[in-house]
file protein08.csv (CSV, C-alpha atoms and all ligand atoms)
chain,number,residue,atom,x,y,z
A,255,MET,CA,118.7,68.6,99.7
A,256,PRO,CA,116.6,67.9,96.6
A,257,GLU,CA,115.1,70.9,94.9
A,258,THR,CA,111.4,71.5,95.8
A,259,PRO,CA,109.1,70.7,93.0
A,260,ALA,CA,107.7,73.4,90.8
A,261,LEU,CA,104.2,72.1,91.5
A,262,ASP,CA,103.2,69.7,94.2
A,263,VAL,CA,99.5,68.8,94.4
A,264,ARG,CA,98.4,66.3,97.0
A,265,GLY,CA,94.9,64.8,97.4
A,266,LEU,CA,93.2,67.7,95.6
A,267,THR,CA,89.5,67.5,95.6
A,268,VAL,CA,87.3,70.2,94.2
A,269,ARG,CA,83.5,70.1,94.5
A,270,TYR,CA,81.0,72.6,93.2
A,271,GLY,CA,77.8,71.8,95.0
A,272,GLY,CA,77.0,68.2,94.1
A,273,THR,CA,79.6,68.0,91.3
A,274,THR,CA,83.0,66.6,92.1
A,275,ALA,CA,85.3,68.2,89.5
A,276,VAL,CA,88.6,66.9,90.9
A,277,HIS,CA,88.8,63.7,92.9
A,278,ASP,CA,91.8,63.1,95.2
A,279,LEU,CA,94.3,64.1,92.6
A,280,THR,CA,98.0,63.9,93.3
A,281,LEU,CA,100.6,65.3,90.9
A,282,THR,CA,104.2,66.4,91.3
A,283,ILE,CA,105.9,68.4,88.6
A,284,ALA,CA,109.7,68.9,88.8
A,285,ARG,CA,111.4,72.1,87.9
A,286,GLY,CA,112.2,72.4,84.2
A,287,GLU,CA,109.5,70.0,83.0
A,288,THR,CA,107.0,70.8,80.2
A,289,VAL,CA,103.8,69.1,81.1
A,290,ALA,CA,100.5,68.8,79.3
A,291,LEU,CA,97.4,68.3,81.3
A,292,LEU,CA,95.3,66.6,78.7
A,293,GLY,CA,91.6,65.7,79.0
A,294,PRO,CA,88.2,66.0,77.4
A,295,ASN,CA,85.7,68.8,78.3
A,296,GLY,CA,84.8,68.8,81.9
A,297,ALA,CA,87.7,66.5,82.9
A,298,GLY,CA,88.7,68.9,85.7
A,299,LYS,CA,91.7,70.6,84.1
A,300,SER,CA,90.7,74.2,84.8
A,301,SER,CA,89.6,73.3,88.3
A,302,THR,CA,93.0,71.7,88.9
A,303,VAL,CA,94.8,74.7,87.4
A,304,ASN,CA,92.7,77.3,89.3
A,305,ALA,CA,93.0,75.5,92.6
A,306,ALA,CA,96.8,75.1,92.0
A,307,LEU,CA,97.0,78.9,91.5
A,308,GLY,CA,95.2,79.5,94.8
A,309,LEU,CA,92.2,81.2,93.1
A,310,PHE,CA,89.9,79.3,95.4
A,311,ARG,CA,90.2,77.1,98.4
A,312,PRO,CA,89.8,73.4,97.4
A,313,THR,CA,87.4,71.1,99.2
A,314,ALA,CA,90.4,69.0,100.3
A,315,GLY,CA,94.1,68.6,99.6
A,316,THR,CA,97.1,70.8,99.5
A,317,VAL,CA,99.0,72.6,96.8
A,318,GLU,CA,102.5,74.0,96.8
A,319,LEU,CA,104.1,76.0,94.0
A,320,LEU,CA,107.9,76.3,94.2
A,321,GLY,CA,107.8,75.1,97.7
A,322,ARG,CA,105.3,77.8,98.9
A,323,GLU,CA,101.6,78.2,99.4
A,324,PRO,CA,100.0,79.2,96.1
A,325,LEU,CA,99.2,82.9,96.8
A,326,ALA,CA,102.6,83.5,98.3
A,327,ALA,CA,104.3,82.0,95.3
A,328,VAL,CA,102.1,84.0,92.9
A,329,ARG,CA,102.7,87.3,94.9
A,330,SER,CA,106.4,86.7,94.9
A,331,GLY,CA,106.4,86.8,91.1
A,332,GLY,CA,107.4,83.1,90.8
A,333,VAL,CA,104.4,82.1,88.8
A,334,GLY,CA,103.0,83.4,85.5
A,335,ALA,CA,99.5,82.3,84.7
A,336,MET,CA,97.3,82.5,81.6
A,337,LEU,CA,93.7,81.6,82.4
A,338,GLN,CA,90.9,80.6,80.1
A,339,HIS,CA,88.9,83.6,81.0
A,340,GLY,CA,91.7,86.0,81.6
A,341,GLY,CA,90.8,89.6,81.1
A,342,LEU,CA,92.6,92.8,79.9
A,343,PRO,CA,91.6,96.2,81.2
A,344,SER,CA,89.5,98.0,78.7
A,345,GLU,CA,90.2,101.5,77.3
A,346,SER,CA,93.9,101.0,77.6
A,347,ARG,CA,96.6,100.4,75.0
A,348,VAL,CA,98.5,97.1,75.1
A,349,GLY,CA,101.9,98.8,75.6
A,350,GLU,CA,100.6,100.7,78.6
A,351,VAL,CA,99.2,97.6,80.3
A,352,LEU,CA,102.4,95.7,79.7
A,353,ARG,CA,104.6,98.4,81.1
A,354,LEU,CA,102.3,98.8,84.1
A,355,VAL,CA,102.5,95.0,84.9
A,356,ALA,CA,106.2,94.8,84.2
A,357,GLY,CA,106.8,97.7,86.5
A,358,ARG,CA,105.5,95.8,89.4
A,359,TYR,CA,108.4,93.3,89.3
A,360,ALA,CA,111.8,93.8,90.7
A,361,ASP,CA,113.5,91.9,87.9
A,362,PRO,CA,111.1,92.0,84.9
A,363,TRP,CA,111.7,90.3,81.5
A,364,PRO,CA,113.5,92.9,79.4
A,365,MET,CA,110.7,94.6,77.5
A,366,ALA,CA,112.1,94.5,74.0
A,367,ASP,CA,112.8,90.8,74.3
A,368,LEU,CA,109.4,90.1,75.8
A,369,VAL,CA,107.6,91.8,72.9
A,370,THR,CA,109.5,89.9,70.3
A,371,THR,CA,109.3,86.6,72.2
A,372,THR,CA,105.6,86.8,72.3
A,373,GLY,CA,105.2,88.3,68.8
A,374,ILE,CA,103.2,91.4,69.8
A,375,GLU,CA,105.5,94.0,68.1
A,376,GLY,CA,102.6,95.4,66.0
A,377,LEU,CA,100.1,95.4,68.9
A,378,LEU,CA,101.6,97.8,71.4
A,379,ASP,CA,99.6,100.9,70.3
A,380,ARG,CA,96.3,98.9,69.9
A,381,ARG,CA,93.5,99.4,72.3
A,382,THR,CA,92.8,96.1,74.2
A,383,GLU,CA,89.2,95.9,73.0
A,384,GLN,CA,90.4,95.9,69.4
A,385,LEU,CA,92.4,92.7,69.6
A,386,SER,CA,91.4,89.5,67.9
A,387,GLY,CA,91.1,86.4,70.1
A,388,GLY,CA,94.5,85.1,69.1
A,389,GLN,CA,96.1,88.5,69.5
A,390,ARG,CA,94.6,88.8,73.0
A,391,GLN,CA,96.0,85.4,73.9
A,392,ARG,CA,99.5,86.6,72.9
A,393,VAL,CA,99.2,89.7,75.0
A,394,LEU,CA,98.0,87.6,77.9
A,395,LEU,CA,101.1,85.5,77.5
A,396,ALA,CA,103.3,88.6,77.5
A,397,LEU,CA,101.6,89.6,80.8
A,398,ALA,CA,102.1,86.1,82.2
A,399,LEU,CA,105.8,86.3,81.3
A,400,ALA,CA,106.4,89.9,82.3
A,401,GLY,CA,108.0,88.9,85.6
A,402,ALA,CA,110.2,86.2,84.0
A,403,PRO,CA,108.6,83.6,86.3
A,404,PRO,CA,110.3,80.3,86.7
A,405,LEU,CA,106.8,78.5,86.6
A,406,LEU,CA,104.2,79.1,83.9
A,407,VAL,CA,100.7,77.7,84.2
A,408,LEU,CA,98.6,78.0,81.1
A,409,ASP,CA,95.0,77.0,80.6
A,410,GLU,CA,94.3,76.2,77.0
A,411,PRO,CA,96.6,79.0,75.9
A,412,THR,CA,96.2,78.5,72.1
A,413,SER,CA,92.5,78.0,71.9
A,414,ALA,CA,91.9,81.2,69.9
A,415,MET,CA,95.1,81.1,67.8
A,416,ASP,CA,95.4,80.2,64.1
A,417,VAL,CA,97.9,77.5,63.0
A,418,GLU,CA,100.7,80.0,62.5
A,419,GLY,CA,100.0,81.6,65.9
A,420,ARG,CA,100.2,78.1,67.5
A,421,HIS,CA,103.5,77.3,65.9
A,422,ALA,CA,105.0,80.6,67.1
A,423,PHE,CA,103.5,80.1,70.5
A,424,TRP,CA,105.0,76.6,71.0
A,425,ALA,CA,108.3,77.7,69.7
A,426,THR,CA,108.3,80.3,72.4
A,427,MET,CA,107.4,77.6,75.0
A,428,ARG,CA,110.2,75.4,73.9
A,429,SER,CA,112.7,78.2,74.2
A,430,LEU,CA,111.4,78.9,77.7
A,431,ALA,CA,111.8,75.2,78.6
A,432,ASP,CA,115.3,75.3,77.2
A,433,ARG,CA,116.0,78.2,79.5
A,434,GLY,CA,114.9,76.2,82.5
A,435,HIS,CA,111.4,77.5,83.0
A,436,THR,CA,108.7,75.0,84.0
A,437,VAL,CA,105.7,75.0,81.8
A,438,VAL,CA,102.4,73.4,82.7
A,439,PHE,CA,99.5,73.7,80.2
A,440,ALA,CA,96.0,72.3,79.9
A,441,THR,CA,94.9,71.4,76.4
A,442,HIS,CA,92.6,69.3,74.3
A,443,HIS,CA,95.1,69.5,71.4
A,444,LEU,CA,96.6,66.0,71.3
A,445,ALA,CA,99.1,67.0,68.6
A,446,GLU,CA,100.3,69.9,70.7
A,447,ALA,CA,100.7,67.7,73.8
A,448,ASP,CA,102.5,65.1,71.7
A,449,ALA,CA,104.9,67.6,70.0
A,450,VAL,CA,105.6,70.0,72.9
A,451,ALA,CA,105.3,68.3,76.3
A,452,ASP,CA,108.0,66.0,77.7
A,453,ARG,CA,105.3,64.6,80.0
A,454,VAL,CA,101.6,64.1,79.4
A,455,VAL,CA,99.2,63.8,82.3
A,456,VAL,CA,95.8,62.5,81.1
A,457,VAL,CA,92.9,63.6,83.3
A,458,ASP,CA,89.4,62.3,83.2
A,459,GLY,CA,86.5,62.5,85.6
A,460,GLY,CA,88.8,64.6,87.9
A,461,ARG,CA,91.4,61.8,88.2
A,462,VAL,CA,94.8,61.1,86.6
A,463,VAL,CA,94.3,58.2,84.3
A,464,ALA,CA,97.8,58.2,82.7
A,465,ASP,CA,101.0,59.9,83.3
A,466,GLY,CA,104.2,59.6,81.3
A,467,THR,CA,106.0,60.7,78.1
A,468,ALA,CA,103.7,60.8,75.1
A,469,ALA,CA,105.4,57.6,73.9
A,470,GLN,CA,104.7,55.8,77.2
A,471,VAL,CA,101.0,56.9,77.2
A,472,LYS,CA,100.7,55.7,73.6
A,473,SER,CA,102.4,52.4,74.0
A,474,GLY,CA,101.1,51.5,77.4
A,475,ILE,CA,97.5,51.8,76.6
A,476,ALA,CA,96.2,51.6,73.2
A,477,GLY,CA,98.2,48.8,71.6
A,478,ARG,CA,98.6,48.9,67.9
A,479,THR,CA,96.7,49.4,64.7
A,480,VAL,CA,96.6,46.8,61.9
A,481,ARG,CA,95.5,48.2,58.6
A,482,PHE,CA,94.8,46.5,55.3
A,483,THR,CA,92.3,46.5,52.5
A,484,CYS,CA,89.5,43.9,52.1
A,485,THR,CA,85.9,43.8,51.1
A,486,ASP,CA,84.5,41.4,53.6
A,487,ARG,CA,84.6,42.4,57.3
A,488,THR,CA,82.9,39.3,58.6
A,489,GLY,CA,84.5,38.0,61.8
A,490,LEU,CA,87.1,40.7,62.1
A,491,ALA,CA,85.8,41.9,65.5
A,492,ASP,CA,86.2,38.4,66.9
A,493,LEU,CA,89.9,38.0,66.0
A,494,PRO,CA,92.3,37.6,69.0
A,495,GLY,CA,93.4,40.9,70.5
A,496,VAL,CA,91.0,43.1,68.5
A,497,THR,CA,89.3,45.8,70.5
A,498,ALA,CA,87.8,47.9,67.7
A,499,VAL,CA,87.2,47.7,63.9
A,500,GLY,CA,87.4,50.9,62.1
A,501,GLY,CA,88.4,52.4,58.7
A,502,SER,CA,86.0,53.1,55.8
A,503,GLY,CA,85.2,51.5,52.5
A,504,GLU,CA,87.7,48.8,51.7
A,505,LEU,CA,90.3,50.2,54.2
A,506,VAL,CA,90.1,48.3,57.5
A,507,GLU,CA,91.7,49.5,60.7
A,508,LEU,CA,91.8,47.0,63.6
A,509,ALA,CA,92.8,48.3,67.0
A,510,THR,CA,94.5,45.4,68.8
A,511,THR,CA,96.2,44.7,72.1
A,512,ASP,CA,98.2,41.8,70.5
A,513,ALA,CA,99.2,42.6,66.9
A,514,GLU,CA,101.0,39.3,66.4
A,515,ALA,CA,98.0,37.2,67.4
A,516,THR,CA,95.7,39.3,65.3
A,517,LEU,CA,98.0,39.0,62.3
A,518,ARG,CA,98.4,35.2,62.7
A,519,ALA,CA,94.7,34.7,62.8
A,520,LEU,CA,94.1,37.0,59.8
A,521,LEU,CA,96.8,35.3,57.7
A,522,ALA,CA,95.5,31.9,58.6
A,523,GLY,CA,92.2,32.6,56.8
A,524,ARG,CA,93.6,34.5,53.8
A,525,ASP,CA,96.1,34.1,51.0
A,526,ARG,CA,97.0,37.8,50.9
A,527,LEU,CA,96.4,40.9,53.0
A,528,PRO,CA,96.8,43.8,50.5
A,529,ASP,CA,98.3,47.2,51.8
A,530,LEU,CA,99.1,45.7,55.2
A,531,GLU,CA,100.5,48.1,57.7
A,532,VAL,CA,101.1,47.8,61.5
A,533,ARG,CA,101.4,51.0,63.4
A,534,GLY,CA,101.8,52.1,67.0
A,535,ALA,CA,98.8,53.8,68.4
A,536,SER,CA,98.4,57.5,68.1
A,537,LEU,CA,98.1,59.7,71.2
A,538,GLU,CA,94.5,60.2,70.0
A,539,GLN,CA,93.8,56.5,70.2
A,540,ALA,CA,95.4,56.3,73.6
A,541,PHE,CA,93.4,59.3,74.8
A,542,LEU,CA,90.1,57.9,73.5
A,543,THR,CA,90.8,54.5,75.1
A,544,LEU,CA,91.8,56.2,78.4
A,545,THR,CA,88.9,58.5,78.6
A,546,GLY,CA,86.3,56.1,77.4
A,547,GLY,CA,85.7,57.3,73.9
A,548,THR,CA,84.4,60.5,72.4
A,549,ARG,CA,82.2,62.9,74.2
A,601,LIG,N1,82.0,77.2,88.9
A,601,LIG,C1,81.5,76.0,88.7
A,601,LIG,N2,80.3,75.6,89.2
A,601,LIG,C2,79.8,74.4,89.0
A,601,LIG,N3,80.3,73.4,88.3
A,601,LIG,C3,81.5,73.7,87.7
A,601,LIG,C4,82.2,75.0,87.9
A,601,LIG,N4,83.3,75.0,87.2
A,601,LIG,C5,83.4,73.7,86.6
A,601,LIG,N5,82.3,73.0,87.0
A,601,LIG,C6,82.1,71.6,86.6
A,601,LIG,O1,83.2,70.8,87.0
A,601,LIG,C7,83.6,69.9,86.1
A,601,LIG,C8,85.1,70.1,85.7
A,601,LIG,O2,85.1,71.3,85.0
A,601,LIG,P1,86.5,72.0,84.5
A,601,LIG,O3,86.2,73.3,83.9
A,601,LIG,O4,87.5,71.9,85.6
A,601,LIG,O5,87.0,71.0,83.3
A,601,LIG,P2,88.0,71.2,82.1
A,601,LIG,O6,88.7,69.9,82.0
A,601,LIG,O7,88.8,72.4,82.3
A,601,LIG,O8,87.0,71.4,80.9
A,601,LIG,P3,87.2,72.2,79.5
A,601,LIG,O9,88.2,71.5,78.8
A,601,LIG,O10,85.8,72.1,79.0
A,601,LIG,O11,87.6,73.6,79.9
A,601,LIG,C9,82.6,70.0,84.9
A,601,LIG,O12,81.6,69.0,85.2
A,601,LIG,C10,82.1,71.4,85.1
A,601,LIG,O13,80.8,71.4,84.6

call {"tool": "encode", "arguments": {"input": "protein08.csv", "output": "structure tokens", "more": "lines below"}}
Ligand SMILES: Nc1ncnc2c1ncn2[C@@H]1O[C@H](COP(=O)(O)OP(=O)(O)OP(=O)(O)O)[C@@H](O)[C@H]1O
result
Amino acid sequence: MPETPALDVRGLTVRYGGTTAVHDLTLTIARGETVALLGPNGAGKSSTVNAALGLFRPTAGTVELLGREPLAAVRSGGVGAMLQHGGLPSESRVGEVLRLVAGRYADPWPMADLVTTTGIEGLLDRRTEQLSGGQRQRVLLALALAGAPPLLVLDEPTSAMDVEGRHAFWATMRSLADRGHTVVFATHHLAEADAVADRVVVVDGGRVVADGTAAQVKSGIAGRTVRFTCTDRTGLADLPGVTAVGGSGELVELATTDAEATLRALLAGRDRLPDLEVRGASLEQAFLTLTGGTR
């Protein structure tokens, strides 16, 4: 029998009064995958994550985590979560909170390894209210990992971390993925999704608008970029395949769905095209194309 998925969301709809945050969303994540839920502000990522964790009953649809109903899966210790507004008890020390939480699991992550894996060695004697935003996020990660859960669900886990903290965090996530854990994380950080996730699910307006490896999302959607330098931009927007004209000063960047046709037309009208480069689209371009531009 095939293994049950880590996360199985079917027809999920979440409404808050008159706002539909998630619209008939279906998503299956296999065990061992590292998946980024990528989308602009208000896309419905947190609503999806919170409904998936059973934090509220969705308007419609079903969710199973590790083949079980969400609350049962969470209670069994199968799921570690790090939420956007996750809190820590005040007037306690980090080490106390961590030991308390770890003590609730039959088979917790060995404490010394948990502390080094999450980089909180120096924080154990700190009071929780004295932590910086990034330190707090690391402690929350340690709490999420305390039960050595096979599935980790993280909502913008690095939003308060500095660059170094982010690198350390993602190195931890990669080592977890190598050990067979499933990691699902919501993010706006395109570079992180590109570098860390083996699958990128782009959400916009509460719907999945793309789903694949970062390379597939990039190649399937945004086409290519043709760059060169020139002083006269007349007619560039009308060339075949061109969907946008960008760049600044003499540097021209043409987004195109058909690089060959664009180049042929460009070269037909010019003797030379200085500094010519043709590149695959970045995940950022794909993201902007998919989600209708910047907001
Ligand atoms: N408790 C709530 N009550 C009313 N509307 C809400 C509530 N939570 C979210 N929304 C709305 O639902 C939509 C989706 O919000 P959600 O927080 O799921 O998006 P998100 O992709 O996680 O955004 P962000 O990246 O900004 O965290 C938004 O329009 C938001 O304003």

call {"tool": "residues_around", "arguments": {"input": "protein08.csv", "residues": "Arg285 in chain A", "least_positions_apart": "6", "cutoff": "7 Å", "atoms": "all atoms listed in the file", "output": "short mmCIF file (atom, residue, chain, number, x, y, z; two decimals) with C-alpha atoms, keeping the file's coordinate frame"}}
result
data_model
loop_
_atom_site.label_atom_id
_atom_site.label_comp_id
_atom_site.auth_asym_id
_atom_site.auth_seq_id
_atom_site.Cartn_x
_atom_site.Cartn_y
_atom_site.Cartn_z
CA PRO A 259 109.10 70.70 93.00
CA ALA A 260 107.70 73.40 90.80
CA THR A 436 108.70 75.00 84.00
#

call {"tool": "closest_atom_pairs", "arguments": {"input": "protein08.csv", "of": "chain A", "to": "ligand LIG 601 (chain A)", "cutoff": "10 Å", "atoms": "all atoms listed in the file", "output": "tab-separated table"}}
result
residue	atom	partner	partner_atom	distance
A:Val268	CA	A:LIG601	O1	8.3
A:Arg269	CA	A:LIG601	O1	7.5
A:Tyr270	CA	A:LIG601	C2	4.7
A:Gly271	CA	A:LIG601	C2	6.8
A:Gly272	CA	A:LIG601	N3	8.5
A:Thr273	CA	A:LIG601	N3	6.2
A:Thr274	CA	A:LIG601	O1	6.6
A:Ala275	CA	A:LIG601	C7	4.2
A:Val276	CA	A:LIG601	C8	7.0
A:Leu291	CA	A:LIG601	O6	8.9
A:Leu292	CA	A:LIG601	O6	8.1
A:Gly293	CA	A:LIG601	O6	5.9
A:Pro294	CA	A:LIG601	O9	5.7
A:Asn295	CA	A:LIG601	O10	3.4
A:Gly296	CA	A:LIG601	O5	3.4
A:Ala297	CA	A:LIG601	O6	3.7
A:Gly298	CA	A:LIG601	O4	3.2
A:Lys299	CA	A:LIG601	O6	3.7
A:Ser300	CA	A:LIG601	O7	3.6
A:Ser301	CA	A:LIG601	O4	3.7
A:Thr302	CA	A:LIG601	O4	6.4
A:Val303	CA	A:LIG601	O4	8.0
A:Asn304	CA	A:LIG601	O4	8.4
A:Ala305	CA	A:LIG601	O4	9.6
A:Gln338	CA	A:LIG601	O11	7.7
A:Asp409	CA	A:LIG601	O7	7.9
A:Glu410	CA	A:LIG601	O11	7.7
A:Ala440	CA	A:LIG601	O7	7.6
A:Thr441	CA	A:LIG601	O9	7.1
A:His442	CA	A:LIG601	O9	6.7
A:Val457	CA	A:LIG601	O6	7.7
A:Asp458	CA	A:LIG601	O6	7.7
A:Gly459	CA	A:LIG601	C8	7.7
A:Gly460	CA	A:LIG601	C8	7.0

call {"tool": "closest_residue", "arguments": {"input": "protein08.csv", "among": "A:Arg453, A:Arg329, A:Arg487, A:Arg526", "to": "Thr282 in chain A", "atoms": "all atoms listed in the file"}}
result
A:Arg453

call {"tool": "closest_atom_pairs", "arguments": {"input": "protein08.csv", "of": "range 386-431 of chain A", "to": "range 342-349 of chain A", "cutoff": "10 Å", "atoms": "all atoms listed in the file", "output": "tab-separated table"}}
result
residue	atom	partner	partner_atom	distance
A:Arg390	CA	A:Leu342	CA	8.2
A:Val393	CA	A:Val348	CA	7.4
A:Leu394	CA	A:Leu342	CA	7.8
A:Leu397	CA	A:Leu342	CA	9.6

call {"tool": "atom_distance", "arguments": {"input": "protein08.csv", "atom1": "CA of Leu325 in chain A", "atom2": "CA of Leu279 in chain A"}}
result
19.9 Å

call {"tool": "closest_residue", "arguments": {"input": "protein08.csv", "among": "A:Arg380, A:Arg353, A:Arg358, A:Arg392", "to": "Gly340 in chain A", "atoms": "all atoms listed in the file"}}
result
A:Arg392

call {"tool": "atom_distance", "arguments": {"input": "protein08.csv", "atom1": "CA of Gly503 in chain A", "atom2": "CA of Leu444 in chain A"}}
result
26.3 Å

call {"tool": "residues_around", "arguments": {"input": "protein08.csv", "residues": "range 478-481 of chain A", "least_positions_apart": "6", "cutoff": "7 Å", "atoms": "all atoms listed in the file", "output": "MDAnalysis selection string"}}
result
chainID A and resid 506:511 513 530:535

call {"tool": "residues_around", "arguments": {"input": "protein08.csv", "residues": "Gly332 in chain A", "least_positions_apart": "3", "cutoff": "12 Å", "atoms": "only C-alpha atoms", "output": "ChimeraX atom specification"}}
result
/A:260-261,307,318-329,335,359-362,398-407,435-436

call {"tool": "write_last_selection", "arguments": {"input": "protein08.csv", "atoms": "C-alpha atoms", "output": "short mmCIF file (atom, residue, chain, number, x, y, z; two decimals), keeping the file's coordinate frame"}}
result
data_model
loop_
_atom_site.label_atom_id
_atom_site.label_comp_id
_atom_site.auth_asym_id
_atom_site.auth_seq_id
_atom_site.Cartn_x
_atom_site.Cartn_y
_atom_site.Cartn_z
CA ALA A 260 107.70 73.40 90.80
CA LEU A 261 104.20 72.10 91.50
CA LEU A 307 97.00 78.90 91.50
CA GLU A 318 102.50 74.00 96.80
CA LEU A 319 104.10 76.00 94.00
CA LEU A 320 107.90 76.30 94.20
CA GLY A 321 107.80 75.10 97.70
CA ARG A 322 105.30 77.80 98.90
CA GLU A 323 101.60 78.20 99.40
CA PRO A 324 100.00 79.20 96.10
CA LEU A 325 99.20 82.90 96.80
CA ALA A 326 102.60 83.50 98.30
CA ALA A 327 104.30 82.00 95.30
CA VAL A 328 102.10 84.00 92.90
CA ARG A 329 102.70 87.30 94.90
CA ALA A 335 99.50 82.30 84.70
CA TYR A 359 108.40 93.30 89.30
CA ALA A 360 111.80 93.80 90.70
CA ASP A 361 113.50 91.90 87.90
CA PRO A 362 111.10 92.00 84.90
CA ALA A 398 102.10 86.10 82.20
CA LEU A 399 105.80 86.30 81.30
CA ALA A 400 106.40 89.90 82.30
CA GLY A 401 108.00 88.90 85.60
CA ALA A 402 110.20 86.20 84.00
CA PRO A 403 108.60 83.60 86.30
CA PRO A 404 110.30 80.30 86.70
CA LEU A 405 106.80 78.50 86.60
CA LEU A 406 104.20 79.10 83.90
CA VAL A 407 100.70 77.70 84.20
CA HIS A 435 111.40 77.50 83.00
CA THR A 436 108.70 75.00 84.00
#

call {"tool": "residues_around", "arguments": {"input": "protein08.csv", "residues": "range 422-427 of chain A", "least_positions_apart": "4", "cutoff": "9 Å", "atoms": "only C-alpha atoms", "output": "list of chain:residue names"}}
result
A:Thr288, A:Thr371, A:Thr372, A:Gly373, A:Arg392, A:Pro411, A:Thr412, A:Met415, A:Val417, A:Glu418, A:Ala431, A:Asp432, A:His435, A:Val437, A:Glu446, A:Val450

call {"tool": "write_last_selection", "arguments": {"input": "protein08.csv", "atoms": "C-alpha atoms", "output": "tab-separated table (two decimals), in the coordinates of the input"}}
result
chain	number	residue	atom	x	y	z
A	288	THR	CA	107.00	70.80	80.20
A	371	THR	CA	109.30	86.60	72.20
A	372	THR	CA	105.60	86.80	72.30
A	373	GLY	CA	105.20	88.30	68.80
A	392	ARG	CA	99.50	86.60	72.90
A	411	PRO	CA	96.60	79.00	75.90
A	412	THR	CA	96.20	78.50	72.10
A	415	MET	CA	95.10	81.10	67.80
A	417	VAL	CA	97.90	77.50	63.00
A	418	GLU	CA	100.70	80.00	62.50
A	431	ALA	CA	111.80	75.20	78.60
A	432	ASP	CA	115.30	75.30	77.20
A	435	HIS	CA	111.40	77.50	83.00
A	437	VAL	CA	105.70	75.00	81.80
A	446	GLU	CA	100.30	69.90	70.70
A	450	VAL	CA	105.60	70.00	72.90

call {"tool": "closest_residue", "arguments": {"input": "protein08.csv", "among": "A:Ala445, A:Val438, A:Leu542, A:Leu517", "to": "Arg420 in chain A", "atoms": "all atoms listed in the file"}}
result
A:Ala445

call {"tool": "atom_distance", "arguments": {"input": "protein08.csv", "atom1": "CA of Phe541 in chain A", "atom2": "CA of Thr280 in chain A"}}
result
19.6 Å

call {"tool": "closest_residue", "arguments": {"input": "protein08.csv", "among": "A:Glu538, A:Gly477, A:Val455, A:Gly341", "to": "Thr497 in chain A", "atoms": "all atoms listed in the file"}}
result
A:Gly477

call {"tool": "residues_around", "arguments": {"input": "protein08.csv", "residues": "Ala468 in chain A", "least_positions_apart": "6", "cutoff": "8 Å", "atoms": "all atoms listed in the file", "output": "CSV table (one decimal) with C-alpha atoms, in the coordinates of the input"}}
result
chain,number,residue,atom,x,y,z
A,447,ALA,CA,100.7,67.7,73.8
A,448,ASP,CA,102.5,65.1,71.7
A,451,ALA,CA,105.3,68.3,76.3
A,452,ASP,CA,108.0,66.0,77.7
A,453,ARG,CA,105.3,64.6,80.0
A,454,VAL,CA,101.6,64.1,79.4
A,537,LEU,CA,98.1,59.7,71.2
